[in-house]
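Chemist: The file below is target.txt, compact mmCIF, C-alpha atoms:
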```
# COMPACT_ATOMS: atom_id res chain seq x y z
CA MET C 1 90.85 94.72 -160.69
CA LYS C 2 89.47 98.03 -159.40
CA LYS C 3 88.75 96.33 -156.08
CA ILE C 4 92.36 95.07 -155.90
CA PHE C 5 93.71 98.57 -156.59
CA ILE C 6 91.52 100.13 -153.87
CA THR C 7 92.60 97.46 -151.40
CA PHE C 8 96.25 98.19 -152.23
CA ILE C 9 95.80 101.93 -151.64
CA VAL C 10 94.04 101.32 -148.31
CA THR C 11 96.85 98.97 -147.27
CA LEU C 12 99.49 101.59 -148.06
CA ILE C 13 97.58 104.28 -146.12
CA CYS C 14 97.30 101.98 -143.10
CA PHE C 15 101.00 101.24 -143.10
CA GLN C 16 101.89 104.91 -143.45
CA SER C 17 99.57 105.74 -140.55
CA TYR C 18 101.32 103.30 -138.26
CA GLY C 19 104.80 104.15 -139.53
CA GLN C 20 105.39 100.68 -140.95
CA LYS C 21 106.46 99.65 -144.40
CA PRO C 22 104.32 97.18 -146.33
CA ARG C 23 105.87 93.76 -146.66
CA ALA C 24 105.71 91.52 -149.72
CA ARG C 25 102.55 89.74 -148.56
CA GLU C 26 100.79 93.07 -147.97
CA LEU C 27 101.51 94.00 -151.59
CA GLY C 28 99.74 90.81 -152.68
CA VAL C 29 102.79 88.70 -153.52
CA PRO C 30 101.62 85.08 -153.14
CA PHE C 31 103.77 82.78 -151.01
CA VAL C 32 103.31 79.18 -149.93
CA GLY C 33 103.24 78.17 -146.27
CA LYS C 34 101.99 79.42 -142.92
CA THR C 35 104.04 82.09 -141.15
CA GLY C 36 104.52 82.72 -137.46
CA ALA C 37 103.02 85.73 -135.70
CA PHE C 38 105.78 88.11 -136.81
CA ASN C 39 106.81 86.33 -140.02
CA ALA C 40 110.37 86.68 -138.76
CA ILE C 41 113.26 84.71 -137.34
CA THR C 42 112.09 85.95 -133.94
CA ASP C 43 109.07 83.63 -134.23
CA VAL C 44 111.49 80.99 -132.94
CA LYS C 45 111.22 81.47 -129.19
CA GLY C 46 114.27 83.06 -127.61
CA VAL C 47 115.84 84.47 -130.77
CA GLU C 48 116.68 88.17 -130.59
CA VAL C 49 117.91 90.52 -133.33
CA GLY C 50 119.46 93.97 -133.09
CA TYR C 51 120.94 96.56 -135.46
CA SER C 52 123.33 99.44 -135.66
CA THR C 53 122.75 101.47 -138.83
CA ILE C 54 125.31 104.06 -139.93
CA ILE C 55 124.24 106.56 -142.60
CA SER C 56 125.96 109.90 -143.09
CA GLY C 57 127.34 112.20 -145.75
CA GLU C 58 126.80 112.50 -149.48
CA GLY C 59 128.70 113.22 -152.65
CA GLU C 60 132.29 112.41 -153.52
CA ASN C 61 133.92 109.49 -151.75
CA ILE C 62 136.68 110.74 -149.48
CA VAL C 63 138.24 107.69 -147.88
CA GLY C 64 137.88 107.84 -144.12
CA LYS C 65 135.17 110.49 -144.22
CA GLY C 66 132.38 108.99 -146.29
CA PRO C 67 129.71 108.90 -147.45
CA ILE C 68 128.89 106.07 -145.02
CA ARG C 69 126.19 103.47 -145.71
CA THR C 70 126.85 100.45 -143.50
CA GLY C 71 126.13 98.83 -140.15
CA VAL C 72 126.04 95.75 -137.93
CA THR C 73 123.42 93.08 -137.27
CA ALA C 74 123.42 90.97 -134.09
CA ILE C 75 121.53 87.69 -133.67
CA PHE C 76 121.30 85.88 -130.32
CA PRO C 77 119.95 82.31 -130.55
CA ARG C 78 118.64 82.29 -126.97
CA GLY C 79 118.68 86.01 -126.25
CA LYS C 80 121.58 87.93 -124.72
CA ALA C 81 120.29 87.51 -121.16
CA LYS C 82 120.98 83.76 -121.36
CA LYS C 83 124.67 84.46 -121.79
CA PHE C 84 126.68 81.32 -122.62
CA SER C 85 124.03 78.84 -123.81
CA PRO C 86 125.25 76.84 -126.85
CA VAL C 87 122.87 75.53 -129.50
CA TYR C 88 123.34 72.68 -131.95
CA ALA C 89 124.38 74.17 -135.31
CA ASN C 90 126.05 73.62 -138.65
CA TRP C 91 126.80 75.60 -141.79
CA TYR C 92 127.14 75.34 -145.54
CA SER C 93 128.70 77.40 -148.32
CA LEU C 94 127.21 77.42 -151.81
CA ASN C 95 130.01 79.65 -153.10
CA GLY C 96 132.83 80.63 -150.81
CA ASN C 97 133.87 84.08 -152.05
CA GLY C 98 133.11 85.49 -148.62
CA GLU C 99 133.65 85.00 -144.91
CA MET C 100 131.92 83.64 -141.83
CA THR C 101 134.38 83.31 -138.96
CA GLY C 102 134.18 80.59 -136.33
CA THR C 103 132.61 77.99 -138.58
CA THR C 104 135.38 75.38 -138.35
CA TRP C 105 134.67 74.94 -134.64
CA VAL C 106 130.92 74.87 -135.27
CA THR C 107 131.45 71.90 -137.57
CA GLU C 108 133.99 70.22 -135.29
CA SER C 109 132.02 70.62 -132.06
CA GLY C 110 128.47 70.63 -133.38
CA PHE C 111 127.66 73.70 -131.28
CA LEU C 112 127.26 77.43 -131.87
CA GLU C 113 128.52 79.02 -128.64
CA THR C 114 128.24 82.70 -129.56
CA PRO C 115 125.88 85.26 -131.05
CA ILE C 116 126.05 85.77 -134.82
CA MET C 117 127.16 89.14 -136.16
CA ILE C 118 126.83 90.36 -139.76
CA THR C 119 128.53 93.44 -141.22
CA ASN C 120 130.44 94.59 -144.30
CA THR C 121 133.45 92.80 -145.75
CA ASN C 122 136.14 95.07 -144.32
CA SER C 123 134.70 95.22 -140.81
CA VAL C 124 134.75 91.54 -139.85
CA GLY C 125 137.89 91.95 -137.73
CA VAL C 126 136.75 94.90 -135.65
CA VAL C 127 133.36 93.28 -135.05
CA ARG C 128 134.99 90.05 -133.92
CA ASP C 129 137.33 91.88 -131.55
CA ALA C 130 134.50 93.98 -130.11
CA VAL C 131 132.40 90.89 -129.40
CA LEU C 132 135.31 89.24 -127.58
CA LYS C 133 135.79 92.35 -125.44
CA TRP C 134 132.04 92.39 -124.72
CA TYR C 135 132.30 88.80 -123.44
CA VAL C 136 134.96 89.91 -120.95
CA ASP C 137 133.07 93.02 -119.88
CA THR C 138 129.78 91.17 -119.34
CA ASP C 139 131.16 87.88 -117.93
CA TRP C 140 129.61 85.97 -120.84
CA TYR C 141 131.00 82.70 -119.43
CA SER C 142 129.45 83.28 -116.01
CA GLY C 143 132.49 83.07 -113.77
CA GLU C 144 134.66 80.66 -115.75
CA ASP C 145 138.24 81.84 -115.27
CA TRP C 146 139.59 80.15 -118.41
CA TRP C 147 137.78 80.01 -121.73
CA TYR C 148 138.29 80.32 -125.44
CA THR C 149 135.78 81.09 -128.13
CA TYR C 150 135.49 81.87 -131.82
CA PRO C 151 132.90 84.58 -132.55
CA VAL C 152 130.79 84.00 -135.65
CA VAL C 153 130.98 87.08 -137.88
CA ALA C 154 129.72 87.10 -141.47
CA GLU C 155 129.91 89.73 -144.18
CA THR C 156 128.76 91.00 -147.55
CA TYR C 157 130.33 93.80 -149.64
CA ASP C 158 128.75 97.27 -149.61
CA GLY C 159 131.57 99.18 -151.33
CA PHE C 160 129.51 100.49 -154.24
CA LEU C 161 127.44 102.68 -151.89
CA ASN C 162 129.61 102.84 -148.77
CA ASP C 163 133.10 104.19 -148.06
CA ILE C 164 134.16 100.64 -147.26
CA TYR C 165 137.89 101.49 -147.15
CA GLY C 166 137.20 104.13 -144.52
CA PHE C 167 136.55 101.44 -141.85
CA HIS C 168 133.66 103.24 -140.21
CA VAL C 169 132.30 100.34 -138.14
CA LYS C 170 133.67 100.76 -134.62
CA GLU C 171 133.31 98.96 -131.30
CA LYS C 172 130.51 101.32 -130.31
CA HIS C 173 128.42 100.18 -133.27
CA VAL C 174 128.86 96.52 -132.34
CA LEU C 175 127.77 97.31 -128.78
CA GLU C 176 124.81 99.29 -130.10
CA ALA C 177 123.62 96.33 -132.20
CA ILE C 178 123.97 94.02 -129.21
CA GLU C 179 122.20 96.45 -126.88
CA ASN C 180 119.33 96.87 -129.36
CA THR C 181 118.56 93.16 -129.68
CA SER C 182 114.97 92.20 -129.02
CA SER C 183 112.36 89.64 -129.94
CA GLY C 184 109.10 90.36 -131.78
CA LYS C 185 108.89 92.54 -134.89
CA ILE C 186 112.18 93.49 -136.48
CA ALA C 187 113.06 96.07 -139.12
CA GLU C 188 113.96 95.17 -142.70
CA GLY C 189 115.60 96.80 -145.70
CA ASN C 190 118.30 99.45 -145.20
CA VAL C 191 119.17 98.46 -141.63
CA GLY C 192 122.11 96.93 -139.78
CA GLY C 193 124.67 95.09 -141.84
CA GLY C 194 122.27 95.24 -144.78
CA THR C 195 122.27 99.05 -144.96
CA GLY C 196 124.42 99.45 -148.10
CA MET C 197 123.56 96.22 -149.90
CA MET C 198 122.13 95.69 -153.41
CA CYS C 199 120.19 92.69 -154.71
CA LEU C 200 119.05 91.36 -158.08
CA GLY C 201 119.20 94.76 -159.76
CA TYR C 202 117.58 96.79 -157.00
CA LYS C 203 118.31 97.93 -153.45
CA GLY C 204 118.74 94.96 -151.14
CA GLY C 205 119.50 94.58 -147.46
CA THR C 206 118.07 92.78 -144.45
CA GLY C 207 114.98 90.58 -144.67
CA THR C 208 113.27 87.94 -142.58
CA SER C 209 110.47 85.37 -142.69
CA SER C 210 109.22 82.27 -140.89
CA ARG C 211 107.17 79.13 -141.37
CA VAL C 212 105.14 77.09 -138.91
CA PHE C 213 104.56 73.40 -139.62
CA LYS C 214 103.57 70.15 -137.97
CA VAL C 215 105.39 66.85 -137.67
CA LYS C 216 102.94 64.28 -136.33
CA ASP C 217 101.34 65.99 -133.30
CA SER C 218 104.07 68.56 -132.71
CA THR C 219 104.22 72.09 -134.11
CA TYR C 220 107.56 73.65 -134.98
CA THR C 221 108.89 76.90 -136.44
CA VAL C 222 111.65 77.74 -138.91
CA GLY C 223 112.76 81.38 -139.10
CA VAL C 224 115.40 82.98 -141.29
CA ILE C 225 117.13 86.33 -141.59
CA VAL C 226 119.09 87.29 -144.71
CA GLN C 227 121.65 89.92 -145.59
CA SER C 228 120.92 90.05 -149.29
CA ASN C 229 123.49 91.48 -151.71
CA PHE C 230 123.59 89.17 -154.72
CA GLY C 231 122.30 88.36 -158.16
CA ALA C 232 121.75 89.73 -161.66
CA LYS C 233 118.60 91.67 -162.46
CA ARG C 234 117.88 89.50 -165.49
CA ASN C 235 117.32 86.56 -163.14
CA LEU C 236 114.96 88.25 -160.67
CA SER C 237 111.83 86.16 -160.28
CA ILE C 238 108.97 86.84 -157.87
CA ALA C 239 106.08 84.39 -157.53
CA GLY C 240 107.27 82.70 -160.70
CA VAL C 241 107.11 85.96 -162.68
CA PRO C 242 110.25 87.16 -164.56
CA ILE C 243 110.23 90.57 -162.91
CA GLY C 244 113.84 91.30 -163.88
CA ILE C 245 113.16 90.74 -167.57
CA GLU C 246 109.91 92.70 -167.48
CA LEU C 247 111.62 95.65 -165.76
CA LYS C 248 115.01 95.31 -167.44
CA ASP C 249 115.08 98.97 -168.51
CA THR C 250 113.61 100.34 -165.29
CA LEU C 251 115.60 101.95 -162.48
CA ASN C 252 118.93 100.27 -163.17
CA TYR C 253 121.89 100.85 -160.85
CA LYS C 254 123.61 104.20 -161.31
CA PHE C 255 127.40 104.00 -161.04
CA ASN C 256 129.05 107.40 -161.50
CA ALA C 257 132.40 106.32 -160.14
CA PRO C 258 132.36 102.78 -158.88
CA PRO C 259 135.46 101.36 -157.23
CA LYS C 260 137.95 99.98 -159.73
CA SER C 261 137.01 96.32 -159.86
CA LYS C 262 136.25 93.38 -162.09
CA ARG C 263 132.74 93.07 -160.74
CA GLN C 264 130.46 91.15 -163.06
CA GLU C 265 126.69 91.35 -163.06
CA GLY C 266 125.46 88.86 -160.52
CA ASP C 267 128.46 89.11 -158.19
CA GLY C 268 127.75 89.87 -154.57
CA SER C 269 126.87 87.77 -151.56
CA ILE C 270 124.10 86.53 -149.33
CA ILE C 271 124.29 85.47 -145.71
CA VAL C 272 121.39 83.41 -144.39
CA ILE C 273 120.92 82.53 -140.73
CA LEU C 274 118.25 79.93 -139.99
CA ALA C 275 116.76 79.17 -136.58
CA THR C 276 114.36 76.39 -135.64
CA ASP C 277 112.90 74.91 -132.47
CA ALA C 278 112.72 71.47 -134.07
CA PRO C 279 115.01 69.00 -132.24
CA LEU C 280 117.71 68.59 -134.86
CA LEU C 281 121.25 67.32 -134.44
CA PRO C 282 124.27 68.96 -136.11
CA HIS C 283 124.34 66.58 -139.08
CA GLN C 284 120.64 67.28 -139.68
CA LEU C 285 121.23 71.03 -139.45
CA LYS C 286 123.86 70.61 -142.16
CA ARG C 287 121.13 69.06 -144.31
CA ILE C 288 118.85 72.04 -143.57
CA ALA C 289 121.58 74.53 -144.46
CA GLN C 290 122.12 72.73 -147.75
CA ARG C 291 118.46 73.42 -148.70
CA ILE C 292 118.84 77.19 -148.28
CA PRO C 293 120.19 77.65 -151.85
CA LEU C 294 116.93 76.24 -153.23
CA GLY C 295 115.07 79.27 -151.86
CA ILE C 296 117.74 81.61 -153.23
CA GLY C 297 117.50 79.97 -156.64
CA ILE C 298 113.74 80.52 -156.79
CA VAL C 299 114.22 84.31 -156.69
CA GLY C 300 117.18 84.33 -159.09
CA GLY C 301 120.39 83.44 -157.29
CA ARG C 302 122.92 81.48 -159.31
CA GLY C 303 125.89 81.14 -156.93
CA SER C 304 128.08 83.50 -158.93
CA ASN C 305 131.86 83.10 -158.91
CA GLY C 306 132.14 86.47 -157.19
CA SER C 307 129.52 85.73 -154.55
CA GLY C 308 129.90 84.67 -150.93
CA ASP C 309 126.83 82.53 -150.29
CA ILE C 310 127.24 81.25 -146.74
CA PHE C 311 124.56 79.86 -144.46
CA LEU C 312 124.26 78.76 -140.84
CA ALA C 313 121.41 76.81 -139.24
CA PHE C 314 120.85 76.25 -135.52
CA SER C 315 118.28 74.59 -133.27
CA THR C 316 117.13 76.05 -129.95
CA ALA C 317 115.82 72.65 -128.81
CA ASN C 318 117.81 70.46 -126.40
CA GLU C 319 118.75 73.38 -124.19
CA GLN C 320 120.70 71.16 -121.79
CA ALA C 321 122.68 69.36 -124.51
CA PHE C 322 125.93 71.23 -123.89
CA ASN C 323 127.82 70.04 -120.82
CA ARG C 324 131.55 70.06 -120.20
CA ASP C 325 131.54 67.21 -117.68
CA GLU C 326 128.42 65.05 -117.78
CA THR C 327 126.74 62.78 -120.31
CA THR C 328 123.51 64.31 -121.57
CA THR C 329 120.35 62.95 -123.13
CA VAL C 330 118.90 64.71 -126.18
CA GLU C 331 115.91 64.36 -128.49
CA SER C 332 116.21 64.23 -132.27
CA MET C 333 113.77 64.18 -135.14
CA PRO C 334 113.92 61.12 -137.43
CA ASN C 335 115.51 61.80 -140.80
CA ASP C 336 112.40 60.39 -142.43
CA LYS C 337 110.37 63.26 -140.92
CA LEU C 338 112.56 66.12 -142.14
CA MET C 339 110.69 66.93 -145.34
CA PRO C 340 108.45 69.60 -143.69
CA VAL C 341 111.59 71.28 -142.35
CA PHE C 342 113.15 71.26 -145.83
CA GLU C 343 110.02 72.81 -147.34
CA ALA C 344 109.73 75.44 -144.60
CA THR C 345 113.37 76.38 -145.16
CA VAL C 346 112.98 76.94 -148.89
CA GLN C 347 109.75 78.91 -148.46
CA ALA C 348 111.08 81.16 -145.69
CA VAL C 349 114.33 81.94 -147.52
CA GLU C 350 112.44 82.91 -150.68
CA GLU C 351 110.13 85.26 -148.80
CA ALA C 352 112.87 86.80 -146.64
CA ILE C 353 114.80 87.89 -149.73
CA ILE C 354 111.73 89.47 -151.31
CA ASN C 355 110.86 91.13 -147.99
CA ALA C 356 114.33 92.69 -147.93
CA MET C 357 113.81 94.13 -151.41
CA VAL C 358 110.27 95.34 -150.74
CA ALA C 359 111.35 97.10 -147.54
CA ALA C 360 114.53 98.62 -148.96
CA GLU C 361 114.42 102.27 -150.01
CA THR C 362 116.34 103.94 -152.82
CA MET C 363 119.82 104.79 -151.58
CA GLU C 364 122.43 107.16 -152.98
CA GLY C 365 125.94 106.56 -151.73
CA ILE C 366 129.53 107.34 -152.62
CA ASN C 367 130.07 109.49 -155.71
CA GLY C 368 126.33 109.66 -156.25
CA ASN C 369 126.12 105.92 -156.99
CA LYS C 370 122.53 104.85 -156.58
CA ALA C 371 120.55 101.65 -156.05
CA TYR C 372 116.84 102.10 -156.60
CA ALA C 373 114.10 100.52 -154.55
CA LEU C 374 112.08 97.76 -156.17
CA PRO C 375 109.08 99.78 -157.51
CA HIS C 376 105.98 98.50 -155.72
CA ASP C 377 103.56 99.82 -158.32
CA LEU C 378 105.35 98.16 -161.23
CA LEU C 379 105.75 94.94 -159.25
CA ILE C 380 102.00 94.81 -158.65
CA GLU C 381 101.25 95.68 -162.27
CA THR C 382 103.54 92.90 -163.50
CA LEU C 383 102.10 90.33 -161.11
CA LYS C 384 98.64 91.27 -162.41
CA LYS C 385 99.83 90.81 -165.98
CA TYR C 386 100.77 87.20 -165.16
CA ASN C 387 97.66 86.63 -163.00
CA ARG C 388 99.82 86.13 -159.91
CA LEU C 389 98.51 88.87 -157.62
CA LYS C 390 96.93 87.50 -154.48
CA GLU C 391 93.46 88.96 -154.00
```
What does this structure look like when you write it as structure tokens?

Modeler:
Amino acid sequence: MKKIFITFIVTLICFQSYGQKPRARELGVPFVGKTGAFNAITDVKGVEVGYSTIISGEGENIVGKGPIRTGVTAIFPRGKAKKFSPVYANWYSLNGNGEMTGTTWVTESGFLETPIMITNTNSVGVVRDAVLKWYVDTDWYSGEDWWYTYPVVAETYDGFLNDIYGFHVKEKHVLEAIENTSSGKIAEGNVGGGTGMMCLGYKGGTGTSSRVFKVKDSTYTVGVIVQSNFGAKRNLSIAGVPIGIELKDTLNYKFNAPPKSKRQEGDGSIIVILATDAPLLPHQLKRIAQRIPLGIGIVGGRGSNGSGDIFLAFSTANEQAFNRDETTTVESMPNDKLMPVFEATVQAVEEAIINAMVAAETMEGINGNKAYALPHDLLIETLKKYNRLKE
């Protein structure tokens, strides 16, 4: 045990030296499955992610002035340089007390034609409008003189820490998130749309993970990114350990003057975006999206009545599938070979949520309301107690 403790301290020092936060695996949390190089949605070739994070002010909530704890997340399935390059996609809602615009056409057409944006509940409209204007300004449709499109914008509610009725997300923040998109390593925790979010009794936010797997002789990747803002602390489970019960009296939310609401413990939302390079058709991507709740359930999600649990899955394979005029030929994976994709989905979703919580830092917002970071030391101590710490 002494050796484990020393290793943990050395790990923390290394991460501090390089300015990076430890992720769940670095703390010793055991997960199943092989990750990609970045353990992120960006392990799927072409996917880019960007953020705009807005944090300012403190103290009493003055509507329109702050404090502000919010932001925008942008996800481009093939990178923004590709411009209009649709991918096969589909979506699923476990509990629909939330919003993801543009999904009716995704189901009807089988294609996702736009980037995916995630923000707070009251900023969906301004984000959608800003994306449409960006299409015009950047000639997203590459010279087409007549087009229509339905931007995909999802949300979760950050109004217990953020001045959500002050409408602080502006066009400039949407453009900033788009401009900042990149592949490779991406930030987690209090960033982008996840800035003011809370999860399973602690500070939540943005998290990501990936899995690499083989089907016959081919290797594929599944990557997910979550905006995690759901769940009751009593249900928090990490590596099969009832962390929420063990830490039930530790660092509970502090609500000095929460908005007047009928919020019940467990209410909230989670948005999950899943990318894969496996050649899947829209009906198969629906099946993948329907497995996402299994990963959420492992960590403690219950699909609360007050929760918007909405998920979208897309495949970057079959790049030439979309064509307005010609018949195309596409590849598809047999349904009988989908089990590795199902397993990778569940595993990556579970880890992405825990990564969001591990990366998130304690945040004080409006009226001094506070969501505390998941305490790393107590997490490790509890995992040791149940013999679940990875050596």

Chemist: Would you list the contacts of His283 of chain C as an NGL selection string, taking every protein, DNA or RNA residue within 12 Å and counting only C-alpha atoms, but skipping same-chain residues closer than 4 positions in sequence?

Modeler: :C and (88-92 or 106-111 or 279 or 287-290 or 313-315 or 332-335)

Chemist: Excluding Val224 of chain C and residues on its chain fewer than 4 positions from it, collect all residues at most 6 Å away from it, counting only C-alpha atoms, and give them as an MDAnalysis selection string.

Modeler: chainID C and resid 41 208:209 273:274

Chemist: What does the distance between atom CA of Ile298 of chain C and atom CA of Gly102 of chain C come to in Å, to one decimal place?

Modeler: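 Interatomic distance, atom CA of Ile298 of chain C to atom CA of Gly102 of chain C: 28.9 Å.
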
Chemist: Just the number, please: distance in Å from atom CA of Asp267 of chain C to atom CA of Thr156 of chain C, one decimal.

Modeler: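 Between these atoms lies a distance of 10.8 Å.
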
Chemist: Using only C-alpha atoms, give me every residue within 7 Å of (122.9, 101.4, -146.1) in file coordinates, as a list in words.

Modeler: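 Those residues, ordered by chain and then number, are Ile55, Arg69, Thr70, Asn190, Val191, Gly194, Thr195, Gly196 and Met197 of chain C.
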
Chemist: Please identify every residue of segment 154-252 of chain C that has at least one atom no farther than 6 Å from an atom of segment 116-120 of chain C, counting only C-alpha atoms, and for each give the shortest atom pair and the distance in Å to one decimal, arranged by chain then increasing number, as CSV.

Modeler:
```
residue,atom,partner,partner_atom,distance
C:Ala154,CA,C:Ile118,CA,4.7
C:Glu155,CA,C:Asn120,CA,4.9
C:Thr156,CA,C:Asn120,CA,5.1
C:Tyr157,CA,C:Asn120,CA,5.4
C:Gly193,CA,C:Thr119,CA,4.2
```

Chemist: So how many Å separate atom CA of Ala317 of chain C and atom CA of Phe342 of chain C, to one decimal?

Modeler: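 Taking atom CA of Ala317 of chain C and atom CA of Phe342 of chain C, their separation equals 17.3 Å.
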
Chemist: So which residues touch Val222 of chain C within 9 Å, counting only C-alpha atoms, skipping near sequence neighbours fewer than 6 positions away, as a list in words?

Modeler: Gly36, Ile41, Asp43, Val44, Ser209, Ser210, Arg211, Val212, Phe213, Leu274, Ala275, Thr276, Asp277, Ala278, Val341, Ala344, Thr345 and Ala348 of chain C

Chemist: Measuring between all atoms listed in the file, which one of C:Arg291, C:Lys172, C:Lys370, C:Lys214 shows the shortest distance to Phe255 of chain C?

Modeler: C:Lys370
